[in-house]
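Asks: The structure file work_13.cif (mmCIF, N, CA and C atoms) is provided below.
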```
data_coords
loop_
_atom_site.label_atom_id
_atom_site.label_comp_id
_atom_site.auth_asym_id
_atom_site.auth_seq_id
_atom_site.Cartn_x
_atom_site.Cartn_y
_atom_site.Cartn_z
N MET A 30 97.80 132.89 94.24
CA MET A 30 97.27 132.81 92.89
C MET A 30 96.28 131.66 92.73
N ALA A 31 96.41 130.63 93.56
CA ALA A 31 95.56 129.46 93.38
C ALA A 31 94.08 129.80 93.47
N TRP A 32 93.72 130.74 94.33
CA TRP A 32 92.31 131.08 94.49
C TRP A 32 91.73 131.64 93.20
N ARG A 33 92.57 132.04 92.27
CA ARG A 33 92.11 132.57 90.98
C ARG A 33 91.73 131.45 90.02
N SER A 34 91.83 130.24 90.46
CA SER A 34 91.59 129.10 89.58
C SER A 34 90.12 128.75 89.44
N SER A 35 89.23 129.60 89.92
CA SER A 35 87.79 129.36 89.78
C SER A 35 87.40 129.41 88.30
N GLY A 36 86.25 128.84 88.00
CA GLY A 36 85.73 128.88 86.64
C GLY A 36 84.23 128.78 86.65
N SER A 37 83.64 128.87 85.47
CA SER A 37 82.18 128.73 85.36
C SER A 37 81.79 127.32 84.93
N SER A 38 82.79 126.47 84.69
CA SER A 38 82.56 125.07 84.36
C SER A 38 83.74 124.26 84.88
N ASN A 39 83.60 122.95 84.88
CA ASN A 39 84.70 122.10 85.33
C ASN A 39 85.93 122.32 84.45
N ASP A 40 85.72 122.35 83.12
CA ASP A 40 86.86 122.54 82.22
C ASP A 40 87.54 123.88 82.43
N GLU A 41 86.77 124.94 82.63
CA GLU A 41 87.37 126.26 82.85
C GLU A 41 88.15 126.29 84.17
N MET A 42 87.61 125.66 85.20
CA MET A 42 88.31 125.59 86.48
C MET A 42 89.66 124.88 86.30
N ILE A 43 89.67 123.78 85.55
CA ILE A 43 90.90 123.02 85.35
C ILE A 43 91.87 123.79 84.46
N ASP A 44 91.35 124.48 83.44
CA ASP A 44 92.21 125.34 82.61
C ASP A 44 92.93 126.35 83.49
N ASN A 45 92.22 126.92 84.46
CA ASN A 45 92.82 127.91 85.36
C ASN A 45 93.80 127.28 86.33
N LEU A 46 93.50 126.07 86.81
CA LEU A 46 94.45 125.36 87.66
C LEU A 46 95.76 125.12 86.90
N LYS A 47 95.65 124.81 85.62
CA LYS A 47 96.83 124.63 84.77
C LYS A 47 97.55 125.96 84.55
N ARG A 48 96.79 126.99 84.23
CA ARG A 48 97.36 128.30 83.92
C ARG A 48 98.18 128.85 85.09
N PHE A 49 97.71 128.60 86.31
CA PHE A 49 98.42 129.11 87.48
C PHE A 49 99.43 128.10 88.04
N GLY A 50 99.69 127.03 87.31
CA GLY A 50 100.73 126.09 87.69
C GLY A 50 100.40 125.13 88.80
N VAL A 51 99.12 125.01 89.13
CA VAL A 51 98.71 124.08 90.19
C VAL A 51 98.77 122.66 89.66
N ILE A 52 98.29 122.46 88.44
CA ILE A 52 98.31 121.15 87.79
C ILE A 52 99.24 121.24 86.58
N SER A 53 100.19 120.31 86.49
CA SER A 53 101.08 120.28 85.32
C SER A 53 101.08 118.92 84.64
N SER A 54 100.76 117.88 85.37
CA SER A 54 100.76 116.52 84.82
C SER A 54 99.56 116.31 83.89
N PRO A 55 99.80 115.87 82.64
CA PRO A 55 98.68 115.58 81.73
C PRO A 55 97.75 114.50 82.27
N THR A 56 98.31 113.51 82.95
CA THR A 56 97.48 112.43 83.52
C THR A 56 96.57 112.99 84.60
N LEU A 57 97.10 113.82 85.45
CA LEU A 57 96.31 114.43 86.51
C LEU A 57 95.26 115.38 85.93
N GLU A 58 95.65 116.14 84.92
CA GLU A 58 94.69 117.03 84.26
C GLU A 58 93.50 116.24 83.73
N GLN A 59 93.77 115.13 83.05
CA GLN A 59 92.69 114.32 82.50
C GLN A 59 91.81 113.74 83.60
N ALA A 60 92.40 113.34 84.70
CA ALA A 60 91.62 112.80 85.82
C ALA A 60 90.69 113.88 86.38
N PHE A 61 91.19 115.09 86.55
CA PHE A 61 90.34 116.20 87.02
C PHE A 61 89.21 116.47 86.03
N ARG A 62 89.50 116.39 84.74
CA ARG A 62 88.46 116.63 83.73
C ARG A 62 87.41 115.51 83.74
N ASN A 63 87.83 114.30 84.05
CA ASN A 63 86.90 113.16 84.07
C ASN A 63 86.00 113.14 85.30
N VAL A 64 86.38 113.85 86.35
CA VAL A 64 85.61 113.85 87.59
C VAL A 64 85.08 115.27 87.83
N ASP A 65 83.84 115.51 87.45
CA ASP A 65 83.25 116.84 87.56
C ASP A 65 82.92 117.15 89.02
N ARG A 66 83.47 118.23 89.52
CA ARG A 66 83.31 118.61 90.94
C ARG A 66 81.85 118.86 91.31
N LYS A 67 81.00 119.21 90.35
CA LYS A 67 79.61 119.55 90.67
C LYS A 67 78.86 118.40 91.34
N PHE A 68 79.27 117.17 91.08
CA PHE A 68 78.59 116.02 91.67
C PHE A 68 78.93 115.83 93.15
N PHE A 69 79.99 116.46 93.62
CA PHE A 69 80.52 116.19 94.95
C PHE A 69 80.30 117.30 95.97
N VAL A 70 79.94 118.50 95.51
CA VAL A 70 79.79 119.62 96.45
C VAL A 70 78.56 119.41 97.33
N PRO A 71 78.57 119.97 98.56
CA PRO A 71 77.39 119.87 99.43
C PRO A 71 76.16 120.45 98.74
N GLU A 72 75.02 119.89 99.09
CA GLU A 72 73.75 120.14 98.40
C GLU A 72 73.41 121.61 98.14
N ASP A 73 73.59 122.47 99.10
CA ASP A 73 73.20 123.88 98.93
C ASP A 73 74.31 124.74 98.33
N ASN A 74 75.31 124.12 97.75
CA ASN A 74 76.46 124.87 97.22
C ASN A 74 76.71 124.64 95.73
N GLU A 75 75.72 124.16 95.00
CA GLU A 75 75.92 123.83 93.58
C GLU A 75 76.45 125.01 92.78
N GLU A 76 75.99 126.24 93.11
CA GLU A 76 76.42 127.42 92.36
C GLU A 76 77.91 127.72 92.58
N LEU A 77 78.51 127.11 93.58
CA LEU A 77 79.93 127.31 93.87
C LEU A 77 80.78 126.10 93.48
N ALA A 78 80.22 125.21 92.69
CA ALA A 78 80.91 123.96 92.35
C ALA A 78 82.28 124.20 91.73
N TYR A 79 82.43 125.26 90.95
CA TYR A 79 83.69 125.50 90.25
C TYR A 79 84.49 126.66 90.85
N ALA A 80 84.11 127.05 92.05
CA ALA A 80 84.87 128.08 92.77
C ALA A 80 86.07 127.41 93.43
N ASP A 81 87.22 128.03 93.33
CA ASP A 81 88.42 127.46 93.93
C ASP A 81 88.46 127.84 95.41
N GLN A 82 87.53 127.22 96.13
CA GLN A 82 87.41 127.47 97.57
C GLN A 82 86.84 126.23 98.24
N PRO A 83 87.13 126.06 99.54
CA PRO A 83 86.52 124.94 100.25
C PRO A 83 85.04 125.22 100.48
N LEU A 84 84.26 124.15 100.58
CA LEU A 84 82.82 124.26 100.84
C LEU A 84 82.47 123.33 101.98
N LYS A 85 81.59 123.78 102.86
CA LYS A 85 81.22 122.98 104.03
C LYS A 85 79.73 123.13 104.31
N GLU A 86 79.12 122.01 104.64
CA GLU A 86 77.73 121.98 105.07
C GLU A 86 77.61 120.87 106.10
N GLY A 87 77.45 121.22 107.36
CA GLY A 87 77.41 120.22 108.42
C GLY A 87 78.74 119.49 108.48
N ASN A 88 78.69 118.16 108.46
CA ASN A 88 79.91 117.35 108.46
C ASN A 88 80.55 117.23 107.09
N ILE A 89 79.82 117.61 106.05
CA ILE A 89 80.31 117.43 104.68
C ILE A 89 81.22 118.60 104.31
N HIS A 90 82.44 118.26 103.90
CA HIS A 90 83.44 119.27 103.57
C HIS A 90 84.18 118.84 102.31
N ILE A 91 84.39 119.78 101.41
CA ILE A 91 85.21 119.53 100.22
C ILE A 91 86.25 120.64 100.15
N SER A 92 87.50 120.28 100.03
CA SER A 92 88.57 121.27 99.99
C SER A 92 88.58 122.01 98.66
N ALA A 93 89.32 123.10 98.61
CA ALA A 93 89.47 123.87 97.37
C ALA A 93 90.21 123.03 96.33
N PRO A 94 89.83 123.14 95.07
CA PRO A 94 90.49 122.35 94.02
C PRO A 94 92.01 122.52 93.98
N HIS A 95 92.52 123.73 94.26
CA HIS A 95 93.97 123.91 94.21
C HIS A 95 94.68 123.10 95.30
N ILE A 96 94.01 122.84 96.41
CA ILE A 96 94.59 122.01 97.47
C ILE A 96 94.75 120.58 96.96
N TYR A 97 93.68 120.06 96.34
CA TYR A 97 93.76 118.70 95.79
C TYR A 97 94.80 118.62 94.68
N GLY A 98 94.82 119.62 93.81
CA GLY A 98 95.79 119.62 92.72
C GLY A 98 97.22 119.62 93.23
N SER A 99 97.51 120.48 94.20
CA SER A 99 98.86 120.56 94.77
C SER A 99 99.26 119.25 95.44
N ALA A 100 98.34 118.68 96.21
CA ALA A 100 98.63 117.42 96.91
C ALA A 100 98.88 116.29 95.93
N LEU A 101 98.05 116.20 94.90
CA LEU A 101 98.19 115.09 93.94
C LEU A 101 99.43 115.25 93.08
N GLU A 102 99.81 116.48 92.76
CA GLU A 102 101.06 116.69 92.01
C GLU A 102 102.26 116.23 92.85
N ALA A 103 102.17 116.40 94.17
CA ALA A 103 103.28 116.03 95.06
C ALA A 103 103.39 114.52 95.28
N LEU A 104 102.28 113.80 95.11
CA LEU A 104 102.30 112.34 95.30
C LEU A 104 102.93 111.66 94.08
N ASP A 105 103.50 110.53 94.30
CA ASP A 105 104.12 109.76 93.22
C ASP A 105 103.14 108.69 92.75
N LEU A 106 102.06 109.13 92.11
CA LEU A 106 101.04 108.20 91.63
C LEU A 106 101.45 107.65 90.27
N HIS A 107 101.30 106.35 90.10
CA HIS A 107 101.67 105.71 88.85
C HIS A 107 100.41 105.29 88.11
N PRO A 108 100.14 105.91 86.97
CA PRO A 108 98.93 105.59 86.21
C PRO A 108 98.83 104.10 85.88
N ASN A 109 97.60 103.61 85.97
CA ASN A 109 97.28 102.21 85.64
C ASN A 109 98.22 101.23 86.35
N SER A 110 98.38 101.44 87.63
CA SER A 110 99.27 100.58 88.41
C SER A 110 98.46 99.78 89.43
N SER A 111 99.17 99.04 90.24
CA SER A 111 98.52 98.31 91.32
C SER A 111 98.83 98.96 92.66
N GLN A 112 99.09 100.26 92.64
CA GLN A 112 99.33 101.00 93.88
C GLN A 112 98.08 100.97 94.75
N SER A 113 98.28 101.26 96.03
CA SER A 113 97.17 101.39 96.97
C SER A 113 97.05 102.85 97.40
N PHE A 114 95.81 103.29 97.60
CA PHE A 114 95.56 104.66 98.06
C PHE A 114 94.51 104.59 99.15
N LEU A 115 94.87 105.07 100.34
CA LEU A 115 93.95 105.12 101.47
C LEU A 115 93.72 106.58 101.81
N ASN A 116 92.47 107.00 101.76
CA ASN A 116 92.11 108.39 102.06
C ASN A 116 91.34 108.41 103.37
N VAL A 117 92.02 108.75 104.46
CA VAL A 117 91.39 108.81 105.78
C VAL A 117 90.77 110.19 105.94
N GLY A 118 89.48 110.22 106.24
CA GLY A 118 88.74 111.48 106.25
C GLY A 118 88.38 111.84 104.83
N SER A 119 87.85 110.87 104.10
CA SER A 119 87.66 110.98 102.65
C SER A 119 86.59 111.96 102.22
N GLY A 120 85.76 112.41 103.14
CA GLY A 120 84.78 113.44 102.81
C GLY A 120 83.87 113.05 101.66
N THR A 121 83.74 113.95 100.69
CA THR A 121 82.77 113.79 99.60
C THR A 121 83.12 112.71 98.60
N GLY A 122 84.36 112.23 98.61
CA GLY A 122 84.79 111.22 97.64
C GLY A 122 85.42 111.82 96.38
N TYR A 123 85.47 113.15 96.30
CA TYR A 123 86.02 113.82 95.11
C TYR A 123 87.49 113.48 94.91
N LEU A 124 88.30 113.65 95.93
CA LEU A 124 89.73 113.35 95.82
C LEU A 124 89.95 111.88 95.48
N SER A 125 89.26 110.99 96.16
CA SER A 125 89.41 109.55 95.90
C SER A 125 89.00 109.20 94.48
N SER A 126 88.00 109.87 93.94
CA SER A 126 87.55 109.62 92.57
C SER A 126 88.60 110.07 91.56
N ILE A 127 89.23 111.21 91.81
CA ILE A 127 90.30 111.68 90.92
C ILE A 127 91.46 110.68 90.95
N VAL A 128 91.84 110.25 92.15
CA VAL A 128 92.93 109.28 92.29
C VAL A 128 92.58 107.98 91.59
N ALA A 129 91.33 107.55 91.70
CA ALA A 129 90.90 106.32 91.04
C ALA A 129 91.13 106.41 89.54
N HIS A 130 90.89 107.57 88.96
CA HIS A 130 91.12 107.74 87.53
C HIS A 130 92.59 107.67 87.18
N VAL A 131 93.44 108.16 88.04
CA VAL A 131 94.87 108.11 87.78
C VAL A 131 95.38 106.67 87.91
N LEU A 132 95.02 106.01 89.01
CA LEU A 132 95.57 104.68 89.29
C LEU A 132 94.97 103.57 88.45
N GLY A 133 93.72 103.71 88.05
CA GLY A 133 93.09 102.71 87.20
C GLY A 133 92.47 101.55 87.96
N PRO A 134 91.96 100.57 87.22
CA PRO A 134 91.15 99.50 87.81
C PRO A 134 91.91 98.45 88.61
N HIS A 135 93.23 98.42 88.53
CA HIS A 135 93.99 97.39 89.25
C HIS A 135 94.49 97.86 90.61
N ALA A 136 94.26 99.12 90.92
CA ALA A 136 94.72 99.69 92.19
C ALA A 136 93.72 99.41 93.30
N SER A 137 94.19 99.50 94.51
CA SER A 137 93.31 99.43 95.67
C SER A 137 93.10 100.87 96.14
N ASN A 138 91.85 101.32 96.16
CA ASN A 138 91.53 102.71 96.47
C ASN A 138 90.37 102.73 97.45
N VAL A 139 90.65 103.09 98.70
CA VAL A 139 89.63 103.07 99.75
C VAL A 139 89.60 104.43 100.44
N GLY A 140 88.38 104.95 100.60
CA GLY A 140 88.16 106.15 101.38
C GLY A 140 87.44 105.78 102.67
N VAL A 141 87.86 106.35 103.79
CA VAL A 141 87.25 106.06 105.09
C VAL A 141 86.84 107.39 105.72
N ASP A 142 85.63 107.43 106.25
CA ASP A 142 85.20 108.62 106.98
C ASP A 142 84.43 108.19 108.22
N ILE A 143 84.59 108.95 109.29
CA ILE A 143 83.97 108.62 110.57
C ILE A 143 82.49 109.00 110.61
N HIS A 144 82.08 109.91 109.77
CA HIS A 144 80.70 110.40 109.78
C HIS A 144 79.84 109.63 108.77
N HIS A 145 78.82 108.97 109.29
CA HIS A 145 77.95 108.17 108.43
C HIS A 145 77.29 109.02 107.34
N ASP A 146 76.84 110.23 107.68
CA ASP A 146 76.18 111.08 106.68
C ASP A 146 77.13 111.49 105.57
N VAL A 147 78.40 111.64 105.89
CA VAL A 147 79.40 112.00 104.88
C VAL A 147 79.63 110.81 103.94
N VAL A 148 79.71 109.61 104.50
CA VAL A 148 79.89 108.41 103.68
C VAL A 148 78.71 108.24 102.73
N GLU A 149 77.50 108.45 103.23
CA GLU A 149 76.31 108.34 102.37
C GLU A 149 76.34 109.40 101.27
N HIS A 150 76.72 110.63 101.62
CA HIS A 150 76.84 111.69 100.61
C HIS A 150 77.86 111.28 99.54
N ALA A 151 79.01 110.77 99.97
CA ALA A 151 80.06 110.36 99.03
C ALA A 151 79.58 109.25 98.11
N LYS A 152 78.91 108.25 98.67
CA LYS A 152 78.42 107.14 97.84
C LYS A 152 77.39 107.63 96.83
N GLU A 153 76.50 108.52 97.26
CA GLU A 153 75.50 109.08 96.34
C GLU A 153 76.16 109.93 95.26
N ALA A 154 77.15 110.74 95.65
CA ALA A 154 77.85 111.59 94.70
C ALA A 154 78.59 110.75 93.66
N ILE A 155 79.26 109.71 94.10
CA ILE A 155 80.00 108.84 93.19
C ILE A 155 79.04 108.13 92.24
N ALA A 156 77.91 107.65 92.75
CA ALA A 156 76.91 107.00 91.90
C ALA A 156 76.35 107.97 90.86
N LEU A 157 76.06 109.19 91.28
CA LEU A 157 75.56 110.22 90.35
C LEU A 157 76.59 110.52 89.27
N TRP A 158 77.83 110.72 89.70
CA TRP A 158 78.90 111.00 88.75
C TRP A 158 79.06 109.84 87.76
N LYS A 159 79.08 108.61 88.27
CA LYS A 159 79.23 107.44 87.39
C LYS A 159 78.07 107.32 86.42
N SER A 160 76.85 107.63 86.87
CA SER A 160 75.69 107.51 85.99
C SER A 160 75.69 108.58 84.90
N SER A 161 76.46 109.64 85.08
CA SER A 161 76.53 110.70 84.07
C SER A 161 77.49 110.35 82.94
N ARG A 162 78.26 109.32 83.12
CA ARG A 162 79.27 108.93 82.13
C ARG A 162 78.63 108.15 80.99
N VAL A 163 79.13 108.35 79.79
CA VAL A 163 78.60 107.66 78.61
C VAL A 163 78.92 106.17 78.69
N SER A 164 80.15 105.85 79.03
CA SER A 164 80.59 104.46 79.11
C SER A 164 80.98 104.13 80.54
N SER A 165 80.49 103.01 81.02
CA SER A 165 80.85 102.61 82.38
C SER A 165 82.00 101.61 82.40
N GLN A 166 82.45 101.15 81.25
CA GLN A 166 83.49 100.13 81.23
C GLN A 166 84.87 100.66 81.65
N ASP A 167 85.09 101.97 81.55
CA ASP A 167 86.40 102.50 81.92
C ASP A 167 86.43 103.10 83.32
N LEU A 168 85.38 102.85 84.10
CA LEU A 168 85.32 103.44 85.43
C LEU A 168 86.23 102.69 86.40
N PRO A 169 87.00 103.43 87.16
CA PRO A 169 87.94 102.81 88.10
C PRO A 169 87.25 102.28 89.34
N LYS A 170 87.98 101.42 90.04
CA LYS A 170 87.52 100.84 91.30
C LYS A 170 87.69 101.84 92.43
N LEU A 171 86.67 101.95 93.29
CA LEU A 171 86.73 102.88 94.41
C LEU A 171 85.75 102.41 95.47
N GLU A 172 86.22 102.35 96.71
CA GLU A 172 85.36 101.94 97.83
C GLU A 172 85.39 103.01 98.90
N ILE A 173 84.20 103.42 99.37
CA ILE A 173 84.08 104.38 100.46
C ILE A 173 83.41 103.65 101.62
N ILE A 174 84.06 103.68 102.79
CA ILE A 174 83.50 102.96 103.93
C ILE A 174 83.40 103.87 105.16
N HIS A 175 82.48 103.50 106.04
CA HIS A 175 82.29 104.21 107.30
C HIS A 175 83.18 103.54 108.34
N GLY A 176 83.97 104.34 109.04
CA GLY A 176 84.81 103.77 110.07
C GLY A 176 85.67 104.81 110.76
N ASN A 177 86.27 104.40 111.85
CA ASN A 177 87.18 105.24 112.61
C ASN A 177 88.59 104.72 112.36
N ALA A 178 89.43 105.53 111.79
CA ALA A 178 90.78 105.09 111.42
C ALA A 178 91.73 105.00 112.61
N LEU A 179 91.28 105.45 113.76
CA LEU A 179 92.19 105.40 114.92
C LEU A 179 92.04 104.13 115.69
#
```
In structure tokens, write the structure found in this file.

Replies:
Amino acid sequence: MAWRSSGSSNDEMIDNLKRFGVISSPTLEQAFRNVDRKFFVPEDNEELAYADQPLKEGNIHISAPHIYGSALEALDLHPNSSQSFLNVGSGTGYLSSIVAHVLGPHASNVGVDIHHDVVEHAKEAIALWKSSRVSSQDLPKLEIIHGNAL
């Protein structure tokens, strides 16, 4: 059923993730709504931004929204806490950005990827997403770095 969670907008996609039981937490729902997937998809895939499917272009990969929703529902994230989140193989930065919204500004949130082009894509995507926001004062802390986690 999760693949049915596609939409024509970020809000519609999230409404469908909720409808099919992928997302149930109000905090997680709000984080997904605050982080529009369109900013993070690979360049030639904008028309599929709200499709509940993985997208790949070269080294850049973004998982299906229902995968992120299921994983985040399973984690014990505490809103506005000082928890730490390490995302190894952080890809586009979409998942790390959603987590940043849940954990808030006092958390440590780092994404690491081995591919330099992926890190650059993630940094550009995060900057674009942040620049689209009306207020920058509520933006969470998030760091994406290039490195080998092994």

Asks: What parts of segment 85-137 of chain A does DSSP call helix (DSSP H, G or I)? I'd like the answer as a short mmCIF file (atom, residue, chain, number, x, y, z; two decimals) with N, CA and C atoms, in the frame of the given file.

Replies:
```cif
data_model
loop_
_atom_site.label_atom_id
_atom_site.label_comp_id
_atom_site.auth_asym_id
_atom_site.auth_seq_id
_atom_site.Cartn_x
_atom_site.Cartn_y
_atom_site.Cartn_z
N PRO A 94 89.83 123.14 95.07
CA PRO A 94 90.49 122.35 94.02
C PRO A 94 92.01 122.52 93.98
N HIS A 95 92.52 123.73 94.26
CA HIS A 95 93.97 123.91 94.21
C HIS A 95 94.68 123.10 95.30
N ILE A 96 94.01 122.84 96.41
CA ILE A 96 94.59 122.01 97.47
C ILE A 96 94.75 120.58 96.96
N TYR A 97 93.68 120.06 96.34
CA TYR A 97 93.76 118.70 95.79
C TYR A 97 94.80 118.62 94.68
N GLY A 98 94.82 119.62 93.81
CA GLY A 98 95.79 119.62 92.72
C GLY A 98 97.22 119.62 93.23
N SER A 99 97.51 120.48 94.20
CA SER A 99 98.86 120.56 94.77
C SER A 99 99.26 119.25 95.44
N ALA A 100 98.34 118.68 96.21
CA ALA A 100 98.63 117.42 96.91
C ALA A 100 98.88 116.29 95.93
N LEU A 101 98.05 116.20 94.90
CA LEU A 101 98.19 115.09 93.94
C LEU A 101 99.43 115.25 93.08
N GLU A 102 99.81 116.48 92.76
CA GLU A 102 101.06 116.69 92.01
C GLU A 102 102.26 116.23 92.85
N ALA A 103 102.17 116.40 94.17
CA ALA A 103 103.28 116.03 95.06
C ALA A 103 103.39 114.52 95.28
N TYR A 123 85.47 113.15 96.30
CA TYR A 123 86.02 113.82 95.11
C TYR A 123 87.49 113.48 94.91
N LEU A 124 88.30 113.65 95.93
CA LEU A 124 89.73 113.35 95.82
C LEU A 124 89.95 111.88 95.48
N SER A 125 89.26 110.99 96.16
CA SER A 125 89.41 109.55 95.90
C SER A 125 89.00 109.20 94.48
N SER A 126 88.00 109.87 93.94
CA SER A 126 87.55 109.62 92.57
C SER A 126 88.60 110.07 91.56
N ILE A 127 89.23 111.21 91.81
CA ILE A 127 90.30 111.68 90.92
C ILE A 127 91.46 110.68 90.95
N VAL A 128 91.84 110.25 92.15
CA VAL A 128 92.93 109.28 92.29
C VAL A 128 92.58 107.98 91.59
N ALA A 129 91.33 107.55 91.70
CA ALA A 129 90.90 106.32 91.04
C ALA A 129 91.13 106.41 89.54
N HIS A 130 90.89 107.57 88.96
CA HIS A 130 91.12 107.74 87.53
C HIS A 130 92.59 107.67 87.18
N VAL A 131 93.44 108.16 88.04
CA VAL A 131 94.87 108.11 87.78
C VAL A 131 95.38 106.67 87.91
N LEU A 132 95.02 106.01 89.01
CA LEU A 132 95.57 104.68 89.29
C LEU A 132 94.97 103.57 88.45
#
```

Asks: Quick one: of A:Asn116, A:Asn177, A:Ser160, A:Asn39, who's nearest to Arg66 of chain A, counting only C-alpha atoms?

Replies: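 Of the candidates, the smallest distance to Arg66 of chain A is held by A:Asn39.
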
Asks: Would you give me, as an MDAnalysis selection string, the residues in chain A that DSSP reads as strand (DSSP E)?

Replies: chainID A and resid 84:86 89:91 113:117 137:142 172:175

Asks: Considering only N, CA and C atoms, return as an MDAnalysis selection string whatever protein or nucleic-acid residues lie within 6.5 Å of segment 56-65 of chain A, sequence-local ones (same chain, fewer than 5 positions apart) excluded.

Replies: chainID A and resid 39:40 126:127 130:131

Asks: Written as a ChimeraX atom specification, which residues does the PyMOL selection byres ((chain A and resi 94) around 8) give for the file shown?

Replies: /A:31,34,46,51,79-84,91-93,95-100

Asks: Kindly resolve the PyMOL selection byres ((chain A and resi 141) around 7) on the present coordinates and return the residues as a list in words.

Replies: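 Matching residues under the PyMOL selection byres ((chain A and resi 141) around 7) are Leu115, Asn116, Val117, Gly118, Ser119, Gly120, Val139, Gly140, Asp142, Ile143, His144, Glu172, Ile173, Ile174, His175, Gly176, Asn177 and Ala178 of chain A.
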
Asks: Between atom N of Ala129 of chain A and atom C of Asp105 of chain A, measure the distance and give it in Å to one decimal.

Replies: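 Atom-to-atom, atom N of Ala129 of chain A and atom C of Asp105 of chain A are spaced 11.9 Å apart.
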
Asks: For this structure, which residues satisfy the selection - the PyMOL selection byres (((chain A and resi 135 and name CA) around 7) and name CA) - when it is evaluated on the file as given? I want them as a ChimeraX atom specification.

Replies: /A:109-111,133-134,136-137

Asks: Of the candidates A:Ala103, A:Met42, A:Val148, A:Ala154, which one gets nearest to Val70 of chain A if we count only C-alpha atoms?

Replies: A:Ala154

Asks: Atom CA of Ala156 of chain A and atom CA of Lys47 of chain A, how far apart in Å?

Replies: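 Going from atom CA of Lys47 of chain A over to atom CA of Ala156 of chain A, I get 27.5 Å.
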
Asks: Using only N, CA and C atoms, which of the listed residues (A:Pro55, A:Leu171, A:His90, A:Asn45) sits closest to Pro71 of chain A?

Replies: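 Closest to Pro71 of chain A, using only N, CA and C atoms: A:His90.
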
Asks: Mind listing whatever residues come within 10 Å of the point (77.0, 110.5, 100.2)? Use only C-alpha atoms, file coordinates, and give them as a short mmCIF file (atom, residue, chain, number, x, y, z; two decimals) with N, CA and C atoms, in the frame of the given file.

Replies:
```cif
data_model
loop_
_atom_site.label_atom_id
_atom_site.label_comp_id
_atom_site.auth_asym_id
_atom_site.auth_seq_id
_atom_site.Cartn_x
_atom_site.Cartn_y
_atom_site.Cartn_z
N PHE A 69 79.99 116.46 93.62
CA PHE A 69 80.52 116.19 94.95
C PHE A 69 80.30 117.30 95.97
N PRO A 71 78.57 119.97 98.56
CA PRO A 71 77.39 119.87 99.43
C PRO A 71 76.16 120.45 98.74
N ILE A 89 79.82 117.61 106.05
CA ILE A 89 80.31 117.43 104.68
C ILE A 89 81.22 118.60 104.31
N GLY A 120 85.76 112.41 103.14
CA GLY A 120 84.78 113.44 102.81
C GLY A 120 83.87 113.05 101.66
N THR A 121 83.74 113.95 100.69
CA THR A 121 82.77 113.79 99.60
C THR A 121 83.12 112.71 98.60
N GLY A 122 84.36 112.23 98.61
CA GLY A 122 84.79 111.22 97.64
C GLY A 122 85.42 111.82 96.38
N HIS A 145 78.82 108.97 109.29
CA HIS A 145 77.95 108.17 108.43
C HIS A 145 77.29 109.02 107.34
N ASP A 146 76.84 110.23 107.68
CA ASP A 146 76.18 111.08 106.68
C ASP A 146 77.13 111.49 105.57
N VAL A 147 78.40 111.64 105.89
CA VAL A 147 79.40 112.00 104.88
C VAL A 147 79.63 110.81 103.94
N VAL A 148 79.71 109.61 104.50
CA VAL A 148 79.89 108.41 103.68
C VAL A 148 78.71 108.24 102.73
N GLU A 149 77.50 108.45 103.23
CA GLU A 149 76.31 108.34 102.37
C GLU A 149 76.34 109.40 101.27
N HIS A 150 76.72 110.63 101.62
CA HIS A 150 76.84 111.69 100.61
C HIS A 150 77.86 111.28 99.54
N ALA A 151 79.01 110.77 99.97
CA ALA A 151 80.06 110.36 99.03
C ALA A 151 79.58 109.25 98.11
N LYS A 152 78.91 108.25 98.67
CA LYS A 152 78.42 107.14 97.84
C LYS A 152 77.39 107.63 96.83
N GLU A 153 76.50 108.52 97.26
CA GLU A 153 75.50 109.08 96.34
C GLU A 153 76.16 109.93 95.26
N ALA A 154 77.15 110.74 95.65
CA ALA A 154 77.85 111.59 94.70
C ALA A 154 78.59 110.75 93.66
N ILE A 155 79.26 109.71 94.10
CA ILE A 155 80.00 108.84 93.19
C ILE A 155 79.04 108.13 92.24
N ALA A 156 77.91 107.65 92.75
CA ALA A 156 76.91 107.00 91.90
C ALA A 156 76.35 107.97 90.86
N LEU A 157 76.06 109.19 91.28
CA LEU A 157 75.56 110.22 90.35
C LEU A 157 76.59 110.52 89.27
N ILE A 173 84.20 103.42 99.37
CA ILE A 173 84.08 104.38 100.46
C ILE A 173 83.41 103.65 101.62
#
```

Asks: Figure out the distance between atom CA of Lys67 of chain A and atom N of Ser161 of chain A, please, to one decimal in Å.

Replies: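 Taking atom N of Ser161 of chain A and atom CA of Lys67 of chain A, their separation equals 11.8 Å.
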